[in-house]
Each structure stands twice: as C-alpha cells, then as structure tokens.
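Structure record follows, encoded as structure tokens.
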Amino acid sequence: MQALANLGGRLLSALVLIGCVIVFNFLLINIAPGDPATVIAGEMGGASEQVLAEIRAAYGLDQPMLVRLGTYVMRIATGDLGYSYYYNDPVADLILSRLGPTLLLLITGLGIAIVLGVWLGVLSALRPDSPFSHLVTVFSLIGYSAPVFWTGLLLIILFGSAWPIFPIGGIRDVTQSGGPLFHVFDVAHHLVLPALTLGAVYTAQYARLCRASMLEVLKSDYVRTARAKGLRTSVIVGKHALRNAILPVVTIIGLQIGQMLSGAVLVETVFNWPGLGTLAFESVLRRDYPTLLGILVCSTVLVVIVNMLTELAYRLIDPRIRAAGGAG
Amino acid sequence: MTKSREPGTIRRRELLAGVAAGTLATLAPLRVSFAQEAPRRGGTLVVGHDSLRHLNSAIQTGNSTGVPAAQLFAGLVEIDGDFNAQPYLADSWTIADDGLSATFHLVEGATFHDGAPITSEDVAFSIATVKANSPLGPTMYGSVTTVETPDPQTVVIRMSHPVPFLLQALAPALTPIIPKHIFGGDGDIKVNPANSAPVGSGPFKFVEWEKGQHIILERNENFFRKDLPHLDRIIFLTFDDATKRRLAITNGTAHYTAFSGIKFADIAKLQEDPGLVVTTEGYAALGPTNFIEFNVRRPPLDDVRVRRAVAHAVDREFITQELHHGVSTPLEGPFHHANKYFASDSLMRYDYDLDKANALLDEAGLAPDADGIRARFTLDVPTFHPDSMRTVAEYLRPQLRKIGIEIEVRISPDYATWGSRVGQWDFDITMNGTWNNPDPVIGVNRSFLCDSPRKGVLFSNMGGYCNPAVDDLLNKAATELDETERHRLYAELQALVTADVPLVWTNEEPYMTIYRGDAVQNPPLGIWGAMGPMDRVWLAE
C-alpha cells in the first residue's frame, strides 16, 4: 500500500519537475537574442519586412511571449509537442525519428563502458601494484579528462582519413544497398566510432570507481572468510565481491544518464549521427523553440524514468534494500 | 552553421582577368579534361552538401536549398557563361520594344514528375509565389502587373515599367517552376508538406530525404530535354562541418562539393592532391562580396574622413595573401569582378597608408587622448564566412589601434545573436557580406538605397547610408533597357559609393568547388554553378 503511495508521490513530483522544466526552458530560450524568423531569413540571404512578418505570423511568433507560453503549455498537456519552425515537421515526428539512433548510441556506449570499465576495474584491483593496474589508472585519467568532441575528432582523423576503415559520419551508407543483414552490418559499422567515443569517457570513470570499491570489498571480512573456505578466486570475485563492489557503479550510471545525453549531443554532432543530440544542437542554433523544448521534455522524462529504473536495479542486486523495502 | 545563405553561412568565388590572375592560375588548374569524349549514361553522383530547411526554392532562397532544388525544378530560361539567357522550359521568347511585356513559349510535352503537364498556369503561379514569398520577390517582380496565360503553352508577363533584368530573374535558382496543383491549395505554402518531398519539373526526381543526413534524387526519365540527364542518381550527403567535408572529398566518400566552406588553410593541401580539382569557378551569378560596414548614423562614423581613414588603414594585400592564405581576392568596390557591370577604372581606391589615415582623422578633429586613442568602436562579427570575417576582425583591432582607433571585437556565438543586434542597428561597425546576384537591382541596390533600411531586416543598408545622387543612379539603371547606358550608370555609381565609403570592401568571398577530376565530367561551373541544373554532368567509369 505504502509502496503504491510512494510511487504516486514520485510520479507527482516527476510531473511537477517536468512542468518546471517546460516553463523554465521556454523562458530561457526566449531570452536568447534573435528569433527563428531571423535565422530562416538569414538562410535565404536576407528578407523583406513583409517576408519576415509573414514568417512570424505563420508560426505565431507575432504573439506576446506569455501568450505563446500559455498556448504551448496547453498544447503539451494534450500531448501535442508543436510544429518545428525550421523543419516544417511536427516535433513529435522529428523526435520519434531521432530517438532510435540516440538510444542505440547511448545503450552501446553505456554497454561498452560498463563491460570494459568493470572488467578493467576488477582486473586492476586484483593486482593493485601491477603495471597493468597503473596502466588502467593512467588510461582512466586520460579518458576522463579528454573532451568527447576531441576524442571524436581524433578517431575520425585516425580511422576515417589516415587509416580509413570506418565511415566519418552518418548512420548508414546510402550509396550502397543490400539486404537486412547488410543494413545491420552497415549501421554497426557506422556505430563503432561514436559508441567508442561516448563509451571512452565512461569506461574510464567506471574503471576507476570499480577498482576503488573492489579494493575495499576485497579487504572485508566476508571475503577473507570465503578465501578461508578455500573457494576459487573466480567465485570469490564473481559471486561475492563484485556484487557489492558494483553498487556504486550502478548508482553513478543512474545519476549519469542525463549527463550522458548531453555527452551524446557532442558525440552525435561530431559524427553527424541522426539522433536527438544533433537535433538539439541544430535547434539551438536555429532558435527552433518547439523542437528544442520537445527534446528537453523528452530527455527530462527519460532521466526520470531511468532514475526509477536505477532504484529497481538496486533492489535486484542488493537483497538488503529489497528486504528493507518489503518491511517498510 | 547556419549556413549561408547570403552569406548566411557559406563561402566562395569566380574569376576574370586582371584582378585575380595570380590567385586564379593556382586555384583553377583544370587538370583533367575529357571534353571531347562522349558522355556516359548512368552512375550516382555523390555531393557533399549542407543541411537545409526544405526543398522549395520558390519560398526558401539561399544556396543550401538552391543546389538540390535546381535539380528538382526547371526555370523558364537558363543563363550561360556570358549572363545571356538560353532556352530551358521556354523554347523561345520576345520582349516588346517598350519593355512593358514579355511573351514566352513553353516547350511542348514538358511534364512535372507526377506526369501532369507543365502549363502557363504553373508559370504564372510560380512567379506569383516567388513575388510573395522570396526575399528577392518584391525587387524582381514588384513591377509585374499581370501574368497572362492565353493558352497552356504561352505566358505573357506585363510590367508597369521596363525590367532590364527580367530574364536573369527567371533562372531556375531565382524562379523555379513549381506545380500549381501541388502547392496552390488553400493552406499556407510555407507549411505545405510537399516542401520536404516536392513534385518537381527539373532533370531529377525526389526519392528520399533523411533530414540532416542525406537527400536522394533520381533521373527524371521524362525530362523535356531529350536524352538528359546523364546521371542515374544524385545523392547529397550532409556535412556541415568543414573538417568532415574535407575528409569526405579526400577519402572518396563524395565526388563533388560546392560552397565547400573548407578552411582556407586546408585549400593548399587539397590542391596538391592530384585526384582533385579545386576551383573558384561557378559563383559569378552570386558575386559574394565582403566588407566592413559602418553605422553612419553614429558620429564620428557619419564623417566621410573617418571612414576614409579606416579604408586607408586596411591592407588588402595582407588580408588576402596572409590572413586568407592567398585564397581570396581583394575587393575595392561594391561589384564582384565577375559581375558584368564591374568598372575597375571608376573606383576611388584607398592605398594602404597609415600617414594619410592619421591625417584624415586629424582633419576630422579626432584628437588622440592621453592614451593615444582618438575614438572607440565596437566591431560585430557574424558567424558566416568565419575564415574571412573573423580573421579580418581580429586583424583590425591591432591594426586600427595604429591610427588611434580602439576596437572592441564582439564575436557572435550564433547567427541569430548577430542578426538581432545588427538588424536593430545596434552596432558601430560590423563585418558583413552580400551577394551581388546576377543583376545589381537584385543584389546591390539594397545596400545603398536611402529607403532600404528596415529594422529587423538584414542585408538592407543597416548602416543607414543615404546619398540622393546614388538613389538617382540606381533608380535610373533599374529601368534602363540600353546596356551601354546601364554600364555608364553603374560605373558612375561605383565612383560615388567608393568616394563615400559607407562600406570598406575587403575581399571577394572565395567559395570553392572541389571535385574528383577523374570521375566528374562537365561539372557545373557556369555563372550559377551548383545552383544550376546538373543534367549535363556525367561520371567517367
């Protein structure tokens, strides 16, 4: 019963949060100098007064800001994200068409980061003074400090030009055609560099985190007990230690999903990946308010959902939380 | 990004004798020439291009839309290398002696991509659409009173006064022929879904567009020019980033790119690549000019001596040779050298001479203060043509300090920021650029006419320059049908505005066309370049 009430409260606060995000972002973007009509006219090479007035009228930009905010909030409440000034498409369609590639990139990047990060972290924790462990530390430091767009450009120059084995941008090669299998391979081929770029930062972080927490856990009494029982190292590490050591990593992953979305903006832009990040970047430059706001609403919802999922994952990994939740 | 457009965001140029001979010789080494070989049918041309809003060039001008749109839509006429009109959708025409009417006869059997015949109604509709929606519409067709359609093959355009540039305006880049039955419905044409998936009249048909990724066009089997186009498909791949566009052309991902936006510093490296042709040809109709624009409403910039002092303090040789790596061409007046009205001998020239500049400022009464400063100005910098604009802006700060003018450089983070500042006339000096366009009435008048400035409207004499004698010349030339007289009027104009220097011209923007010479044959290098039809382009095996 209380769990249900908890859930209700959480949903309510999520809704309030999303509402605030909408209003705040709307005001923020409207404070920025220039409007979509300026940009559209700019791409036309200038415009007459009449053309500008018509563009503004066509998109309701001639209304006062508060009226537009009101209209916008009412529309969103009915699930209508509006119409893109720049692309002349419904925002919902634009976002839906970009969501898939972004999720693919995020999940692959995250997958690389988790698998590689945890693996490196554990290995270096097992032999904390080995050269390998120091190498991991150095790698983590570099990976964590290098900006993603720099890593991305470096990879493009290395593997797109110097040794051109990967495409430099986009999600598929439209000059080639083939069956579904070709398509899958083609997308995967295009995914390698962006996913590695996005994954690199987080691999470094997770490796550091996992190494530290693993070192701590390995010193604990129950691990000593397990060793005393004569269990194999692989069992001790895999079954006993890792399960505890990975909790901080899971927490961080949950917290970082929002941050990863913003990382995706940079990675997508660098690689011309047709995701929400590129769309967001273009919308800012073009003052395409409805599209940008639509993306912000969607990413807010996404972050809220992921946070809930993180909590769920916690319960699955750590029986203590499960028990506490059940008792409460 | 935000790409060009006027200068909206992009970059390049063309050449003639004299001015640019040196630059040009190195820039346009047309290494491969298979002109006599028979064109091959088939193949897919891959073009590196910008992202864009939509494909309807009747309501969205600028090169981003213009390049693919010129493949989708035909025009009544095509313009040749000498700025003369040649038959396209119209196979013949006559212009009345009084210049008040023009009659066009359409080719027989021309159809839109959906099979509907192209009729005079569509032409009338297209002209009306351009007049109402294109930023150039009022200038080009303001004097058109009616467009009559006596029969499906005949169009009669009637005008309230002679329009010497009518044929220039009817090129596909400026007036694409769009289908009335698709775009002529009740709704606002600006939000017509067909803008993103048009039914066209040109050599290539729309297939698909993934926004921000690629556009695919395929051969129009029923194109009214027999046996054309040569290519099966054209694919436009989106590369907004200069580095990626360079990589795409060097690693073979793309065959061809126009308005390349590739960094000046990288151009030399591309010229060393034996597989590539790098040229500034293909932009004569646009005539991109860059300049420093003064807000002459603000003293002391209203004093011509102050403006002349700045003109004397700018070393164009240094700008084009050093800052622009020898890629751009010096500009000393309102006309691009490839424009047919360019009058080199009429220009008042300002040699690089700091003593003259200082003397002029003394004369203007701007005495240096204790720090040696005579005047302080802000200098705004737009986002387009960054290699031209930003380098010159950064150069001007120490340079103008030498004559006691302190500059605060304001580099705008995006186009809209610059546009709103300058559009509201809230600036002292700004870097800027405009296109000449094929006729001065279409591209040059707006920078000088007294009644041109409108708040919020860019590229419209934002500095507030006004000289009734200049207005008089421009207005006379706008309706003058005699070419010799027009040349005389525009020569006089060039003398007047270079004497007044409301703008200090710096350089022609070097738009670049880059293509793989062994593959791309007969590339579009005419005055409209990539903004003209690519029906005669073919790919060698």
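Residues are named by chain letter and number: chains run A, B, ... in the order of the structure tokens, numbers start at 1 in each chain, and ligands are numbered from 1 in the order shown.
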For chain B, report every residue with an atom at most 8 Å from chain A (counting only C-alpha atoms), formatted as a ChimeraX atom specification.
-> /B:1-9,44,46,53-54,60-62,64,132-136,188,190-191,193,212-214,235,239,244,247-248,251,414-417,419-421,434,454,456-460
Please provide the set of residues having any atom within 8 Å of segment 175-182 of chain B, restricted to only C-alpha atoms, with same-chain residues fewer than 6 positions apart removed, written as a PyMOL selection string.
-> chain B and resi 57-58+70+73-76+112+118+121-123+125-127+130+169+194+199-201
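Shortest separation to Gly258 of chain A among A:Leu123, A:Ala77, A:Leu302, A:Ala226 occurs at residue A:Leu302, atoms counted being only C-alpha atoms.
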So which residues touch segment 535-539 of chain B within 6 Å, counting only C-alpha atoms, skipping near sequence neighbours fewer than 4 positions away, as an NGL selection string?
-> :B and (203 or 228-231 or 519-523)
Would you write out those residues with N, CA, C and O atoms, as a PDB file, in the first residue's frame?
ATOM      1  N   PRO B 203      15.426  18.083 -64.006  1.00  0.00           N
ATOM      2  CA  PRO B 203      16.040  16.855 -64.515  1.00  0.00           C
ATOM      3  C   PRO B 203      16.032  15.676 -63.540  1.00  0.00           C
ATOM      4  O   PRO B 203      16.160  14.539 -63.961  1.00  0.00           O
ATOM      5  N   LEU B 228      18.581  13.608 -71.687  1.00  0.00           N
ATOM      6  CA  LEU B 228      19.208  14.125 -70.476  1.00  0.00           C
ATOM      7  C   LEU B 228      18.286  13.821 -69.299  1.00  0.00           C
ATOM      8  O   LEU B 228      17.099  13.620 -69.501  1.00  0.00           O
ATOM      9  N   PRO B 229      18.775  13.790 -68.085  1.00  0.00           N
ATOM     10  CA  PRO B 229      20.177  13.942 -67.690  1.00  0.00           C
ATOM     11  C   PRO B 229      20.993  12.667 -67.912  1.00  0.00           C
ATOM     12  O   PRO B 229      20.435  11.600 -68.139  1.00  0.00           O
ATOM     13  N   HIS B 230      22.315  12.811 -67.803  1.00  0.00           N
ATOM     14  CA  HIS B 230      23.195  11.658 -67.967  1.00  0.00           C
ATOM     15  C   HIS B 230      23.228  10.773 -66.728  1.00  0.00           C
ATOM     16  O   HIS B 230      23.371   9.569 -66.825  1.00  0.00           O
ATOM     17  N   LEU B 231      23.130  11.382 -65.563  1.00  0.00           N
ATOM     18  CA  LEU B 231      23.283  10.622 -64.323  1.00  0.00           C
ATOM     19  C   LEU B 231      22.010   9.870 -63.961  1.00  0.00           C
ATOM     20  O   LEU B 231      20.910  10.301 -64.275  1.00  0.00           O
ATOM     21  N   ALA B 519      36.648  11.535 -62.146  1.00  0.00           N
ATOM     22  CA  ALA B 519      35.292  10.987 -62.154  1.00  0.00           C
ATOM     23  C   ALA B 519      34.257  11.961 -62.704  1.00  0.00           C
ATOM     24  O   ALA B 519      33.498  11.637 -63.606  1.00  0.00           O
ATOM     25  N   VAL B 520      34.242  13.175 -62.168  1.00  0.00           N
ATOM     26  CA  VAL B 520      33.160  14.112 -62.509  1.00  0.00           C
ATOM     27  C   VAL B 520      33.478  14.852 -63.806  1.00  0.00           C
ATOM     28  O   VAL B 520      34.453  15.595 -63.892  1.00  0.00           O
ATOM     29  N   GLN B 521      32.656  14.652 -64.812  1.00  0.00           N
ATOM     30  CA  GLN B 521      32.861  15.298 -66.102  1.00  0.00           C
ATOM     31  C   GLN B 521      31.804  16.365 -66.315  1.00  0.00           C
ATOM     32  O   GLN B 521      30.652  16.195 -65.921  1.00  0.00           O
ATOM     33  N   ASN B 522      32.249  17.446 -66.976  1.00  0.00           N
ATOM     34  CA  ASN B 522      31.352  18.552 -67.247  1.00  0.00           C
ATOM     35  C   ASN B 522      30.657  19.054 -65.972  1.00  0.00           C
ATOM     36  O   ASN B 522      29.425  19.199 -65.942  1.00  0.00           O
ATOM     37  N   PRO B 523      31.432  19.307 -64.938  1.00  0.00           N
ATOM     38  CA  PRO B 523      30.817  19.774 -63.682  1.00  0.00           C
ATOM     39  C   PRO B 523      30.181  21.145 -63.875  1.00  0.00           C
ATOM     40  O   PRO B 523      30.564  21.875 -64.789  1.00  0.00           O
TER      41      PRO B 523
END
Which neighbours of Met389 of chain B fall inside 10 Å, counting only C-alpha atoms, when residues of the same chain fewer than 6 positions from it are skipped, and could you give them as an MDAnalysis selection string?
-> chainID B and resid 290:292 380:383 395 411 430:433 506:507 509
Could you pull the residues within 8 Å of segment 14-19 of chain A, counting only C-alpha atoms, minus those fewer than 2 positions along the same chain, as a PyMOL selection string?
-> chain A and resi 10-12+21-23+297+300-301+304
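The coordinates place atom CA of Gly404 of chain B at 20.1 Å from atom CA of Pro502 of chain B.
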Ser213 of chain A environment, 12 Å, only C-alpha atoms, sequence neighbours closer than 5 positions dropped, as a ChimeraX atom specification = /A:118,121-122,124-126,206-208,218-220,241-249
Using C-alpha atoms, can you write the selected residues to a file as a tab-separated table (two decimals), in the first residue's frame?
chain	number	residue	atom	x	y	z
A	118	VAL	CA	34.08	-3.12	-14.72
A	121	GLY	CA	38.48	-2.15	-12.70
A	122	VAL	CA	38.26	-5.66	-11.33
A	124	SER	CA	43.45	-3.93	-11.75
A	125	ALA	CA	42.00	-4.29	-8.24
A	126	LEU	CA	43.14	-7.91	-8.10
A	206	TYR	CA	33.71	3.13	-14.18
A	207	ALA	CA	37.13	1.52	-14.20
A	208	ARG	CA	38.35	3.92	-11.53
A	218	LEU	CA	38.40	-7.43	-1.16
A	219	LYS	CA	39.70	-6.37	2.26
A	220	SER	CA	36.44	-7.14	4.00
A	241	ALA	CA	32.92	-9.32	-4.06
A	242	LEU	CA	31.72	-7.94	-7.38
A	243	ARG	CA	28.11	-7.91	-6.36
A	244	ASN	CA	28.90	-5.44	-3.61
A	245	ALA	CA	31.60	-3.59	-5.44
A	246	ILE	CA	29.36	-2.81	-8.37
A	247	LEU	CA	26.72	-0.94	-6.35
A	248	PRO	CA	28.46	2.44	-6.55
A	249	VAL	CA	28.86	1.92	-10.29
Could you check which of B:Val501, B:Leu347, B:Val163, B:Ala313 is closest to Asp482 of chain B, using only C-alpha atoms?
-> B:Val163
All strand (DSSP E or B) positions in segment 23-249 of chain B, as a PyMOL selection string = chain B and resi 44-49+77-79+85-87+90-95+101-106+111+117+144-151+154-159+204-210+214-219+233-238
Using DSSP on the backbone coordinates, identify all residues within segment 63-282 of chain A classified as alpha helix (DSSP H); present the result as a ChimeraX atom specification.
-> /A:65-77,91-126,131-145,148-156,180-218,221-228,233-235,242-245,247-271,276-282
